[in-house]
>>> print(open('input_6.cif').read())   # mmCIF, C-alpha atoms
data_my_file
#
loop_
_atom_site.label_atom_id
_atom_site.label_comp_id
_atom_site.auth_asym_id
_atom_site.auth_seq_id
_atom_site.Cartn_x
_atom_site.Cartn_y
_atom_site.Cartn_z
CA MET A 1 0.00 0.00 0.00
CA GLY A 2 1.26 3.49 -0.85
CA GLY A 3 2.04 5.83 2.02
CA GLY A 4 -0.06 8.96 2.44
CA ARG A 5 -3.01 7.67 0.44
CA ILE A 6 -6.20 9.56 1.22
CA PRO A 7 -8.98 7.10 2.11
CA GLY A 8 -11.66 7.04 -0.55
CA LEU A 9 -9.72 9.20 -3.05
CA ARG A 10 -9.16 6.42 -5.59
CA GLU A 11 -12.75 5.29 -5.35
CA LYS A 12 -14.00 8.85 -5.85
CA THR A 13 -11.71 9.36 -8.87
CA MET A 14 -12.73 6.06 -10.41
CA THR A 15 -16.43 6.93 -10.30
CA SER A 16 -16.24 10.70 -10.99
CA ARG A 17 -17.29 11.85 -14.44
CA LEU A 18 -16.96 14.86 -16.67
CA GLU A 19 -19.71 15.69 -19.15
CA ALA A 20 -18.90 16.29 -22.81
CA ILE A 21 -21.50 17.98 -25.00
CA PHE A 22 -21.49 17.08 -28.69
CA HIS A 23 -23.56 18.58 -31.49
CA VAL A 24 -24.45 15.71 -33.82
CA ARG A 25 -26.12 15.94 -37.23
CA ALA A 26 -28.64 13.13 -37.34
CA ASP A 27 -32.33 12.36 -37.68
CA ALA A 28 -34.60 11.50 -34.78
CA ALA A 29 -34.67 7.82 -35.67
CA SER A 30 -30.89 7.39 -35.49
CA ILE A 31 -29.73 9.82 -32.80
CA GLU A 32 -29.97 7.41 -29.85
CA GLY A 33 -27.76 4.93 -31.64
CA ARG A 34 -25.29 7.66 -32.65
CA ALA A 35 -25.15 8.95 -29.06
CA GLN A 36 -24.44 5.48 -27.67
CA ALA A 37 -21.79 4.91 -30.32
CA ILE A 38 -20.02 8.13 -29.30
CA ALA A 39 -20.16 7.14 -25.63
CA VAL A 40 -18.50 3.82 -26.40
CA GLU A 41 -15.99 5.24 -28.91
CA GLN A 42 -14.80 7.89 -26.46
CA SER A 43 -14.38 5.46 -23.57
CA VAL A 44 -13.57 1.81 -24.36
CA GLU A 45 -13.66 1.69 -28.18
CA MET A 46 -14.88 -1.91 -28.42
CA PRO A 47 -18.11 -3.92 -28.38
CA LEU A 48 -19.61 -3.88 -24.91
CA ALA A 49 -20.58 -7.53 -25.28
CA ALA A 50 -16.87 -8.39 -25.30
CA ILE A 51 -16.20 -6.75 -21.91
CA GLU A 52 -16.28 -9.16 -18.99
CA ASP A 53 -15.01 -6.87 -16.21
CA SER A 54 -18.00 -5.46 -14.29
CA HIS A 55 -15.93 -2.52 -13.03
CA VAL A 56 -15.13 -1.43 -16.59
CA LEU A 57 -18.78 -1.73 -17.60
CA SER A 58 -20.04 0.28 -14.63
CA ASP A 59 -17.28 2.86 -14.11
CA ILE A 60 -15.35 3.31 -17.36
CA VAL A 61 -17.80 2.92 -20.23
CA GLY A 62 -19.20 6.28 -21.33
CA ARG A 63 -22.83 7.01 -20.55
CA VAL A 64 -25.42 8.94 -22.55
CA GLU A 65 -26.72 11.49 -20.06
CA GLY A 66 -29.12 13.35 -22.31
CA ILE A 67 -30.19 14.18 -25.86
CA GLU A 68 -31.75 17.50 -26.91
CA ASP A 69 -33.19 18.33 -30.32
CA LEU A 70 -31.67 21.62 -31.47
CA CYS A 71 -34.33 21.91 -34.21
CA ASP A 72 -31.77 22.60 -36.94
CA GLY A 73 -31.07 19.05 -38.06
CA SER A 74 -28.74 18.38 -35.15
CA PHE A 75 -28.91 17.23 -31.54
CA ALA A 76 -27.00 18.16 -28.39
CA VAL A 77 -25.73 14.91 -26.90
CA ARG A 78 -24.37 14.84 -23.36
CA ILE A 79 -21.90 12.05 -22.61
CA GLY A 80 -20.52 11.24 -19.17
CA LEU A 81 -16.87 10.12 -19.31
CA ALA A 82 -14.80 8.71 -16.47
CA VAL A 83 -12.27 11.13 -14.98
CA ALA A 84 -10.09 8.11 -14.16
CA THR A 85 -9.26 7.76 -17.86
CA ILE A 86 -7.60 11.19 -17.94
CA GLY A 87 -5.30 11.73 -14.97
CA ASP A 88 -3.86 15.25 -15.19
CA ASP A 89 -2.63 15.10 -18.80
CA ALA A 90 -3.89 17.83 -21.15
CA GLY A 91 -3.33 15.68 -24.24
CA GLN A 92 -5.20 12.76 -22.75
CA LEU A 93 -8.12 15.03 -21.87
CA LEU A 94 -8.42 16.05 -25.53
CA ASN A 95 -8.03 12.42 -26.56
CA MET A 96 -10.83 11.21 -24.31
CA LEU A 97 -13.08 14.13 -25.22
CA PHE A 98 -12.78 13.91 -28.99
CA GLY A 99 -9.93 11.67 -30.16
CA ASN A 100 -11.66 9.14 -32.40
CA THR A 101 -14.99 10.92 -32.71
CA SER A 102 -13.24 13.89 -34.34
CA LEU A 103 -12.89 11.61 -37.37
CA HIS A 104 -16.66 11.64 -37.88
CA ALA A 105 -17.72 14.61 -40.00
CA ASP A 106 -21.18 14.85 -38.41
CA VAL A 107 -19.96 15.65 -34.87
CA VAL A 108 -18.70 18.84 -33.20
CA LEU A 109 -17.35 18.92 -29.64
CA HIS A 110 -19.36 21.85 -28.32
CA ASP A 111 -18.54 22.10 -24.61
CA VAL A 112 -17.43 20.21 -21.52
CA THR A 113 -18.25 20.43 -17.86
CA LEU A 114 -15.38 19.37 -15.62
CA PRO A 115 -15.65 18.38 -11.95
CA PRO A 116 -13.81 20.68 -9.51
CA ALA A 117 -11.06 18.16 -8.72
CA LEU A 118 -10.14 17.84 -12.39
CA LEU A 119 -10.14 21.60 -12.85
CA ALA A 120 -7.81 21.94 -9.88
CA SER A 121 -5.44 19.28 -11.22
CA PHE A 122 -4.67 21.38 -14.30
CA GLY A 123 -4.16 24.62 -12.38
CA GLY A 124 -5.10 27.08 -15.11
CA PRO A 125 -3.21 30.38 -15.64
CA ARG A 126 -0.36 31.08 -13.23
CA HIS A 127 -0.44 34.87 -13.75
CA GLY A 128 -3.66 35.64 -15.59
CA MET A 129 -5.29 38.98 -16.22
CA ALA A 130 -3.93 40.66 -13.10
CA GLY A 131 -0.37 39.55 -13.81
CA LEU A 132 -0.42 40.84 -17.37
CA ARG A 133 -1.81 44.15 -16.14
CA ARG A 134 0.83 44.54 -13.43
CA ARG A 135 3.66 44.01 -15.90
CA VAL A 136 2.69 47.13 -17.84
CA GLY A 137 1.03 49.15 -15.07
CA ALA A 138 -2.36 49.14 -16.82
CA MET A 139 -4.93 48.89 -14.03
CA GLY A 140 -7.78 51.07 -15.26
CA ARG A 141 -8.27 50.21 -18.91
CA ALA A 142 -8.05 47.58 -21.59
CA LEU A 143 -4.56 46.59 -22.75
CA THR A 144 -3.05 47.22 -26.18
CA CYS A 145 -0.96 45.04 -28.46
CA SER A 146 0.36 44.76 -31.99
CA ALA A 147 2.37 42.25 -33.99
CA LEU A 148 5.76 42.24 -35.72
CA LYS A 149 5.31 41.33 -39.38
CA PRO A 150 5.80 40.44 -42.17
CA GLN A 151 7.97 37.37 -42.24
CA GLY A 152 11.20 37.76 -44.17
CA MET A 153 12.51 40.78 -42.25
CA SER A 154 15.84 40.53 -40.46
CA ALA A 155 16.18 40.62 -36.69
CA ALA A 156 17.54 44.18 -36.91
CA GLN A 157 14.58 45.30 -39.02
CA LEU A 158 12.13 43.75 -36.57
CA GLY A 159 13.91 45.50 -33.70
CA ASP A 160 13.50 48.82 -35.51
CA LEU A 161 9.82 48.06 -36.12
CA PHE A 162 9.42 47.22 -32.43
CA ALA A 163 10.83 50.62 -31.47
CA ARG A 164 8.44 52.46 -33.81
CA PHE A 165 5.47 50.61 -32.36
CA ALA A 166 6.69 51.08 -28.77
CA ARG A 167 7.02 54.86 -29.18
CA GLY A 168 3.26 54.84 -29.78
CA GLY A 169 2.72 53.63 -26.21
CA LEU A 170 1.67 49.99 -26.70
CA ASP A 171 1.60 47.67 -23.70
CA TYR A 172 2.71 44.54 -25.55
CA ILE A 173 4.17 43.73 -28.95
CA LYS A 174 4.15 40.10 -30.03
CA ASP A 175 5.82 38.20 -32.81
CA ASP A 176 3.68 37.25 -35.75
CA HIS A 177 2.93 33.58 -35.13
CA GLY A 178 4.75 32.70 -38.37
CA LEU A 179 8.05 33.94 -36.94
CA ALA A 180 10.03 30.95 -35.70
CA ASP A 181 13.77 30.31 -35.92
CA GLN A 182 14.22 31.09 -39.62
CA ALA A 183 17.61 31.90 -41.10
CA TYR A 184 16.57 35.47 -41.95
CA SER A 185 15.56 36.15 -38.32
CA PRO A 186 16.96 33.60 -35.86
CA PHE A 187 15.10 33.49 -32.56
CA ALA A 188 18.10 34.50 -30.43
CA GLU A 189 18.96 37.47 -32.65
CA ARG A 190 15.35 38.62 -32.87
CA VAL A 191 14.83 38.44 -29.13
CA ALA A 192 18.03 40.37 -28.45
CA ALA A 193 17.12 43.08 -30.99
CA CYS A 194 13.59 43.54 -29.66
CA ALA A 195 14.72 43.51 -26.03
CA ARG A 196 17.25 46.25 -26.83
CA ALA A 197 14.55 48.27 -28.57
CA SER A 198 12.24 47.87 -25.58
CA ARG A 199 14.89 49.13 -23.17
CA MET A 200 15.85 52.02 -25.44
CA VAL A 201 12.28 53.29 -25.88
CA ALA A 202 11.53 52.86 -22.17
CA ALA A 203 14.53 55.08 -21.40
CA GLU A 204 13.24 57.69 -23.89
CA THR A 205 9.57 57.70 -22.92
CA GLY A 206 9.30 56.23 -19.45
CA HIS A 207 6.85 53.61 -20.76
CA ALA A 208 8.08 50.00 -20.98
CA THR A 209 6.47 48.06 -23.81
CA ARG A 210 6.77 44.31 -23.25
CA TYR A 211 7.87 41.93 -25.99
CA ILE A 212 6.17 38.55 -26.55
CA PRO A 213 8.36 36.26 -28.69
CA SER A 214 6.78 33.29 -30.44
CA LEU A 215 8.00 29.80 -29.52
CA SER A 216 8.37 27.00 -32.05
CA GLY A 217 10.03 23.64 -32.43
CA ASP A 218 10.05 20.66 -30.11
CA LEU A 219 9.83 20.83 -26.32
CA ASN A 220 13.58 21.06 -25.78
CA ARG A 221 13.93 23.90 -28.30
CA MET A 222 11.05 25.80 -26.67
CA ARG A 223 12.73 25.38 -23.29
CA ARG A 224 15.98 26.81 -24.68
CA HIS A 225 14.13 29.71 -26.26
CA ILE A 226 12.32 30.58 -23.03
CA SER A 227 15.66 30.57 -21.22
CA LEU A 228 17.13 32.88 -23.89
CA ALA A 229 14.17 35.21 -23.54
CA ARG A 230 14.43 35.28 -19.75
CA ASP A 231 18.12 36.18 -20.03
CA GLU A 232 17.00 39.28 -21.97
CA GLY A 233 14.49 40.21 -19.26
CA ILE A 234 11.45 38.90 -21.15
CA ASP A 235 8.74 37.31 -19.04
CA THR A 236 5.92 36.63 -21.54
CA VAL A 237 5.98 34.24 -24.50
CA MET A 238 3.52 32.93 -27.08
CA LEU A 239 2.90 29.52 -28.59
CA ALA A 240 0.18 27.79 -30.61
CA PRO A 241 -1.03 24.88 -28.45
CA MET A 242 -2.50 22.94 -31.38
CA ILE A 243 0.89 23.02 -33.13
CA ALA A 244 3.23 22.80 -30.13
CA GLY A 245 0.97 20.33 -28.32
CA VAL A 246 -1.29 20.99 -25.36
CA ALA A 247 0.75 18.67 -23.13
CA ASN A 248 3.87 20.70 -23.99
CA LEU A 249 2.06 23.92 -23.05
CA GLN A 250 1.14 22.30 -19.75
CA ALA A 251 4.75 21.20 -19.15
CA LEU A 252 6.22 24.64 -19.94
CA VAL A 253 3.70 26.44 -17.72
CA THR A 254 4.70 24.18 -14.85
CA GLU A 255 8.44 24.43 -15.46
CA PHE A 256 8.64 28.20 -16.06
CA SER A 257 6.36 29.46 -13.34
CA ASP A 258 7.64 33.06 -13.60
CA VAL A 259 6.72 33.31 -17.29
CA SER A 260 3.30 34.23 -18.71
CA PHE A 261 2.00 32.29 -21.70
CA VAL A 262 -0.14 33.62 -24.54
CA ALA A 263 -1.96 30.99 -26.61
CA HIS A 264 -2.29 31.56 -30.36
CA PRO A 265 -5.23 29.90 -32.19
CA ALA A 266 -3.31 28.63 -35.26
CA LEU A 267 -4.67 25.21 -36.35
CA GLY A 268 -7.50 25.64 -33.86
CA GLY A 269 -10.07 25.38 -36.62
CA ALA A 270 -8.89 22.02 -37.91
CA SER A 271 -10.60 19.76 -35.38
CA ARG A 272 -14.32 20.73 -35.19
CA ILE A 273 -14.05 21.75 -31.55
CA ALA A 274 -16.12 24.84 -30.79
CA PRO A 275 -13.71 27.81 -30.46
CA GLU A 276 -15.31 29.02 -27.26
CA LEU A 277 -14.42 25.63 -25.76
CA LEU A 278 -10.98 25.01 -27.31
CA ILE A 279 -9.55 28.53 -27.24
CA GLY A 280 -11.60 30.08 -24.47
CA LYS A 281 -11.85 27.25 -21.95
CA LEU A 282 -9.28 24.53 -22.65
CA PHE A 283 -6.24 26.66 -23.58
CA SER A 284 -6.65 28.62 -20.33
CA LEU A 285 -7.32 25.42 -18.37
CA PHE A 286 -3.95 24.11 -19.58
CA GLY A 287 -2.18 27.26 -18.32
CA ALA A 288 -2.46 30.04 -20.92
CA ASP A 289 -2.60 33.46 -19.22
CA ALA A 290 -4.10 35.01 -22.37
CA VAL A 291 -5.74 33.68 -25.52
CA VAL A 292 -5.64 35.26 -28.98
CA PHE A 293 -8.73 34.68 -31.14
CA PRO A 294 -10.31 36.11 -34.31
CA THR A 295 -13.03 38.57 -33.40
CA TYR A 296 -16.30 38.90 -35.24
CA GLY A 297 -16.44 41.25 -38.22
CA GLY A 298 -12.83 40.66 -39.23
CA ARG A 299 -11.33 38.32 -41.80
CA PHE A 300 -12.57 35.17 -40.04
CA GLY A 301 -16.10 33.89 -39.62
CA TYR A 302 -16.68 33.83 -35.86
CA THR A 303 -20.06 35.16 -34.75
CA PRO A 304 -20.50 37.80 -32.05
CA GLU A 305 -22.18 35.18 -29.84
CA SER A 306 -19.26 32.77 -30.18
CA CYS A 307 -16.74 35.55 -29.48
CA ARG A 308 -18.62 36.68 -26.38
CA ARG A 309 -18.77 33.14 -24.97
CA LEU A 310 -15.10 32.59 -25.79
CA ALA A 311 -14.09 35.75 -23.91
CA GLU A 312 -16.33 34.86 -20.97
CA ASN A 313 -14.91 31.34 -20.78
CA ALA A 314 -11.35 32.71 -20.73
CA ARG A 315 -12.11 35.27 -18.03
CA ALA A 316 -13.90 32.65 -15.93
CA GLN A 317 -10.47 30.99 -15.57
CA ASN A 318 -8.60 34.29 -15.12
CA ALA A 319 -7.18 34.36 -18.65
CA LEU A 320 -7.18 37.56 -20.68
CA PRO A 321 -9.05 37.47 -24.02
CA ILE A 322 -7.19 39.05 -26.98
CA PRO A 323 -9.55 39.69 -29.90
CA ALA A 324 -7.65 40.08 -33.18
CA GLY A 325 -7.85 39.23 -36.88
CA GLY A 326 -8.69 42.23 -39.01
CA MET A 327 -9.06 44.77 -36.20
CA THR A 328 -8.94 48.48 -37.13
CA LEU A 329 -8.54 51.73 -35.23
CA ALA A 330 -12.06 52.80 -36.20
CA ARG A 331 -13.51 49.75 -34.44
CA VAL A 332 -11.85 50.34 -31.06
CA PRO A 333 -14.91 51.93 -29.35
CA GLU A 334 -17.22 49.22 -30.70
CA ILE A 335 -14.90 46.39 -29.67
CA LEU A 336 -14.36 47.79 -26.18
CA ASP A 337 -18.10 48.31 -25.69
CA PHE A 338 -18.59 44.68 -26.73
CA TYR A 339 -15.81 43.00 -24.72
CA GLY A 340 -15.34 45.43 -21.83
CA PRO A 341 -12.10 46.54 -20.17
CA ASP A 342 -10.75 43.11 -19.21
CA THR A 343 -9.46 42.67 -22.75
CA MET A 344 -6.27 43.18 -24.74
CA LEU A 345 -6.90 44.65 -28.18
CA LEU A 346 -4.53 43.50 -30.91
CA ILE A 347 -4.27 45.59 -34.10
CA GLY A 348 -1.55 44.56 -36.53
CA GLY A 349 -1.87 44.99 -40.28
CA SER A 350 -4.16 48.00 -40.02
CA LEU A 351 -1.51 49.95 -38.11
CA LEU A 352 1.27 48.78 -40.42
CA GLU A 353 -0.60 50.27 -43.37
CA ALA A 354 0.28 53.70 -41.94
CA LYS A 355 3.92 53.05 -43.00
CA GLU A 356 5.95 56.20 -42.17
CA ASN A 357 3.13 57.33 -39.85
CA LEU A 358 3.16 54.07 -37.90
CA THR A 359 4.13 55.63 -34.56
CA SER A 360 1.46 58.34 -34.72
CA GLU A 361 -1.20 55.83 -35.80
CA THR A 362 -0.18 53.56 -32.93
CA ALA A 363 -0.40 56.49 -30.51
CA ALA A 364 -3.92 57.17 -31.79
CA PHE A 365 -4.76 53.54 -30.98
CA THR A 366 -3.46 53.76 -27.42
CA ARG A 367 -5.30 57.08 -26.88
CA ALA A 368 -8.54 55.56 -28.14
CA VAL A 369 -8.23 52.72 -25.63
CA ALA A 370 -7.31 55.14 -22.82
CA ARG A 371 -10.50 57.11 -23.46
CA HIS A 372 -12.47 54.00 -22.46
CA ALA A 373 -10.73 53.69 -19.09
CA TYR A 374 -12.94 52.83 -16.15
CA ALA A 375 -12.81 53.96 -12.53
#
>>> encode(input="input_6.cif", output="structure tokens")
Amino acid sequence: MGGGRIPGLREKTMTSRLEAIFHVRADAASIEGRAQAIAVEQSVEMPLAAIEDSHVLSDIVGRVEGIEDLCDGSFAVRIGLAVATIGDDAGQLLNMLFGNTSLHADVVLHDVTLPPALLASFGGPRHGMAGLRRRVGAMGRALTCSALKPQGMSAAQLGDLFARFARGGLDYIKDDHGLADQAYSPFAERVAACARASRMVAAETGHATRYIPSLSGDLNRMRRHISLARDEGIDTVMLAPMIAGVANLQALVTEFSDVSFVAHPALGGASRIAPELLIGKLFSLFGADAVVFPTYGGRFGYTPESCRRLAENARAQNALPIPAGGMTLARVPEILDFYGPDTMLLIGGSLLEAKENLTSETAAFTRAVARHAYA
């Protein structure tokens, strides 16, 4: 027997269940069979008649908890899945929620309700909204951000671009998510150039704009890159969990507890998981302090309702929502009225179109956000 075991803990874990909600396209005659098939596929993935262990049948096999007609040719199916099949592994949670069923074109993973013990095991953001605010001294307003682009520029050119943005008073400037460790702008050189620019402009203006470099590569490379960034005084980084791996995000958050992590949505639309769940709820559950997502009315097709739920899901776990994707200066009042002050606005290409007037256009952006400050 293991020392320190809490009486009843294993039994509670073995019988505890999360509830996954799927939207399934089906007719009324077939939906019960489809729901049961999903419950089995996402738990034991074999004919129930072949299972002889009564514990597996009672505690591990998924259960259909409810079916609701959505009156649009689809049904909301609630499936209870055993927490014991997950442990505290972010990748395994995604696997048990949607691993095999994601291969069926008629199913979307819409939401999940997690029991408190499972929520606690992942930990969520380590710094969250308050930490990101403290780092830039922005306590009474929304935060501001832009992005270094396009790809193909040298590290020195990106450092110069950083300085021009920073003189406009931005809180954060992130890498474009396509910037990695390319020969024309190696990660170490880019980080050094942008860190120098940040220090230089802070000395000129008294306002310190924080740099968010983008991580890429395998886990060991990302670890090295975080260490390089920390050596330059950088305490916030970005990665795309669906490319880097959600388990790797979880590992980095645990290992680098002094660093804040921003999650980028790249590849997030490839798996038919509702964005308000994947980006808003799960990325923050796995440790992201902030989540970037395409806002409504931009160059992506998210609806206002989906964006609102996504932002609310992120904030519910203390992560900062960052609406982006086709944002413009003219939309700042509208976007802030929609999302409220616990938001970071990210305008990239629209500011870059100002070219030689980039700094003044960026300053207009930061002033517009400041006008919506709250008491």
>>> resolve_selection(input="input_6.cif", expression="the PyMOL selection byres ((chain A and resi 256-267) around 8)", output="VMD selection string")
chain A and resid 126 to 128 132 177 235 to 243 252 to 255 268 to 270 279 283 287 to 293
>>> resolve_selection(input="input_6.cif", expression="the PyMOL selection byres ((chain A and resi 302-306) around 10)", output="VMD selection string")
chain A and resid 274 to 277 280 293 to 301 307 to 312 338
>>> resolve_selection(input="input_6.cif", expression="the PyMOL selection byres ((chain A and resi 17) around 6)", output="PDB file with C-alpha atoms, in the frame of the given file")
ATOM      1  CA  SER A  16     -16.240  10.700 -10.990  1.00  0.00           C
ATOM      2  CA  LEU A  18     -16.960  14.860 -16.670  1.00  0.00           C
ATOM      3  CA  GLY A  80     -20.520  11.240 -19.170  1.00  0.00           C
ATOM      4  CA  LEU A  81     -16.870  10.120 -19.310  1.00  0.00           C
ATOM      5  CA  ALA A  82     -14.800   8.710 -16.470  1.00  0.00           C
ATOM      6  CA  VAL A  83     -12.270  11.130 -14.980  1.00  0.00           C
TER       7      VAL A  83
END
>>> closest_atom_pairs(input="input_6.cif", of="segment 219-294 of chain A", to="segment 186-201 of chain A", cutoff="12 Å", atoms="only C-alpha atoms", output="CSV")
residue,atom,partner,partner_atom,distance
A:Arg221,CA,A:Phe187,CA,10.6
A:Met222,CA,A:Phe187,CA,10.5
A:Arg224,CA,A:Ala188,CA,9.8
A:His225,CA,A:Phe187,CA,7.4
A:Ile226,CA,A:Ala188,CA,10.2
A:Ser227,CA,A:Ala188,CA,10.3
A:Leu228,CA,A:Ala188,CA,6.8
A:Ala229,CA,A:Val191,CA,6.5
A:Arg230,CA,A:Val191,CA,9.9
A:Asp231,CA,A:Ala192,CA,9.4
A:Glu232,CA,A:Ala195,CA,6.3
A:Gly233,CA,A:Ala195,CA,7.5
A:Ile234,CA,A:Ala195,CA,7.5
A:Asp235,CA,A:Ala195,CA,11.1
A:Thr236,CA,A:Val191,CA,11.8
A:Val237,CA,A:Val191,CA,10.8
>>> atom_distance(input="input_6.cif", atom1="atom CA of Ile67 of chain A", atom2="atom CA of Leu118 of chain A")
24.4 Å
>>> residues_around(input="input_6.cif", residues="Ala29 of chain A", least_positions_apart="6", cutoff="12 Å", atoms="all atoms listed in the file", output="list in words")
Ala35, Asp69 and Phe75 of chain A
>>> closest_residue(input="input_6.cif", among="A:Met327, A:Leu336, A:Val246, A:Ala49", to="Leu94 of chain A", atoms="all atoms listed in the file")
A:Val246
>>> atom_distance(input="input_6.cif", atom1="atom CA of Gly140 of chain A", atom2="atom CA of Ala368 of chain A")
13.7 Å
>>> atom_distance(input="input_6.cif", atom1="atom CA of Leu70 of chain A", atom2="atom CA of His110 of chain A")
12.7 Å
>>> closest_residue(input="input_6.cif", among="A:Ala202, A:Met46, A:Ile86, A:Ala251", to="Arg223 of chain A", atoms="all atoms listed in the file")
A:Ala251
>>> closest_residue(input="input_6.cif", among="A:Ala20, A:Leu48, A:Ala316, A:Ala247", to="Thr113 of chain A", atoms="only C-alpha atoms")
A:Ala20
>>> closest_residue(input="input_6.cif", among="A:Thr85, A:Ile60, A:Met139, A:Val107", to="Ile38 of chain A", atoms="all atoms listed in the file")
A:Val107
>>> residues_around(input="input_6.cif", residues="Pro150 of chain A", least_positions_apart="3", cutoff="10 Å", atoms="all atoms listed in the file", output="list of chain:residue names")
A:Ala147, A:Met153, A:Leu158, A:Asp175, A:Asp176, A:Gly178, A:Leu179, A:Gly349, A:Leu352
>>> closest_residue(input="input_6.cif", among="A:Leu57, A:Gly245, A:Arg25, A:Leu358", to="Asp160 of chain A", atoms="only C-alpha atoms")
A:Leu358
>>> residues_around(input="input_6.cif", residues="Ala354 of chain A", least_positions_apart="2", cutoff="12 Å", atoms="all atoms listed in the file", output="short mmCIF file (atom, residue, chain, number, x, y, z; two decimals) with C-alpha atoms, in the coordinates of the input")
data_model
loop_
_atom_site.label_atom_id
_atom_site.label_comp_id
_atom_site.auth_asym_id
_atom_site.auth_seq_id
_atom_site.Cartn_x
_atom_site.Cartn_y
_atom_site.Cartn_z
CA ARG A 164 8.44 52.46 -33.81
CA PHE A 165 5.47 50.61 -32.36
CA THR A 328 -8.94 48.48 -37.13
CA LEU A 329 -8.54 51.73 -35.23
CA GLY A 348 -1.55 44.56 -36.53
CA GLY A 349 -1.87 44.99 -40.28
CA SER A 350 -4.16 48.00 -40.02
CA LEU A 351 -1.51 49.95 -38.11
CA LEU A 352 1.27 48.78 -40.42
CA GLU A 356 5.95 56.20 -42.17
CA ASN A 357 3.13 57.33 -39.85
CA LEU A 358 3.16 54.07 -37.90
CA THR A 359 4.13 55.63 -34.56
CA SER A 360 1.46 58.34 -34.72
CA GLU A 361 -1.20 55.83 -35.80
CA THR A 362 -0.18 53.56 -32.93
CA ALA A 363 -0.40 56.49 -30.51
CA ALA A 364 -3.92 57.17 -31.79
#
>>> axis_aligned_box(input="input_6.cif", around="segment 243-252 of chain A", padding_each_side="5 Å", output="AutoDock Vina command-line options")
--center_x 2.5 --center_y 21.7 --center_z -26.1 --size_x 17.5 --size_y 16.0 --size_z 24.0
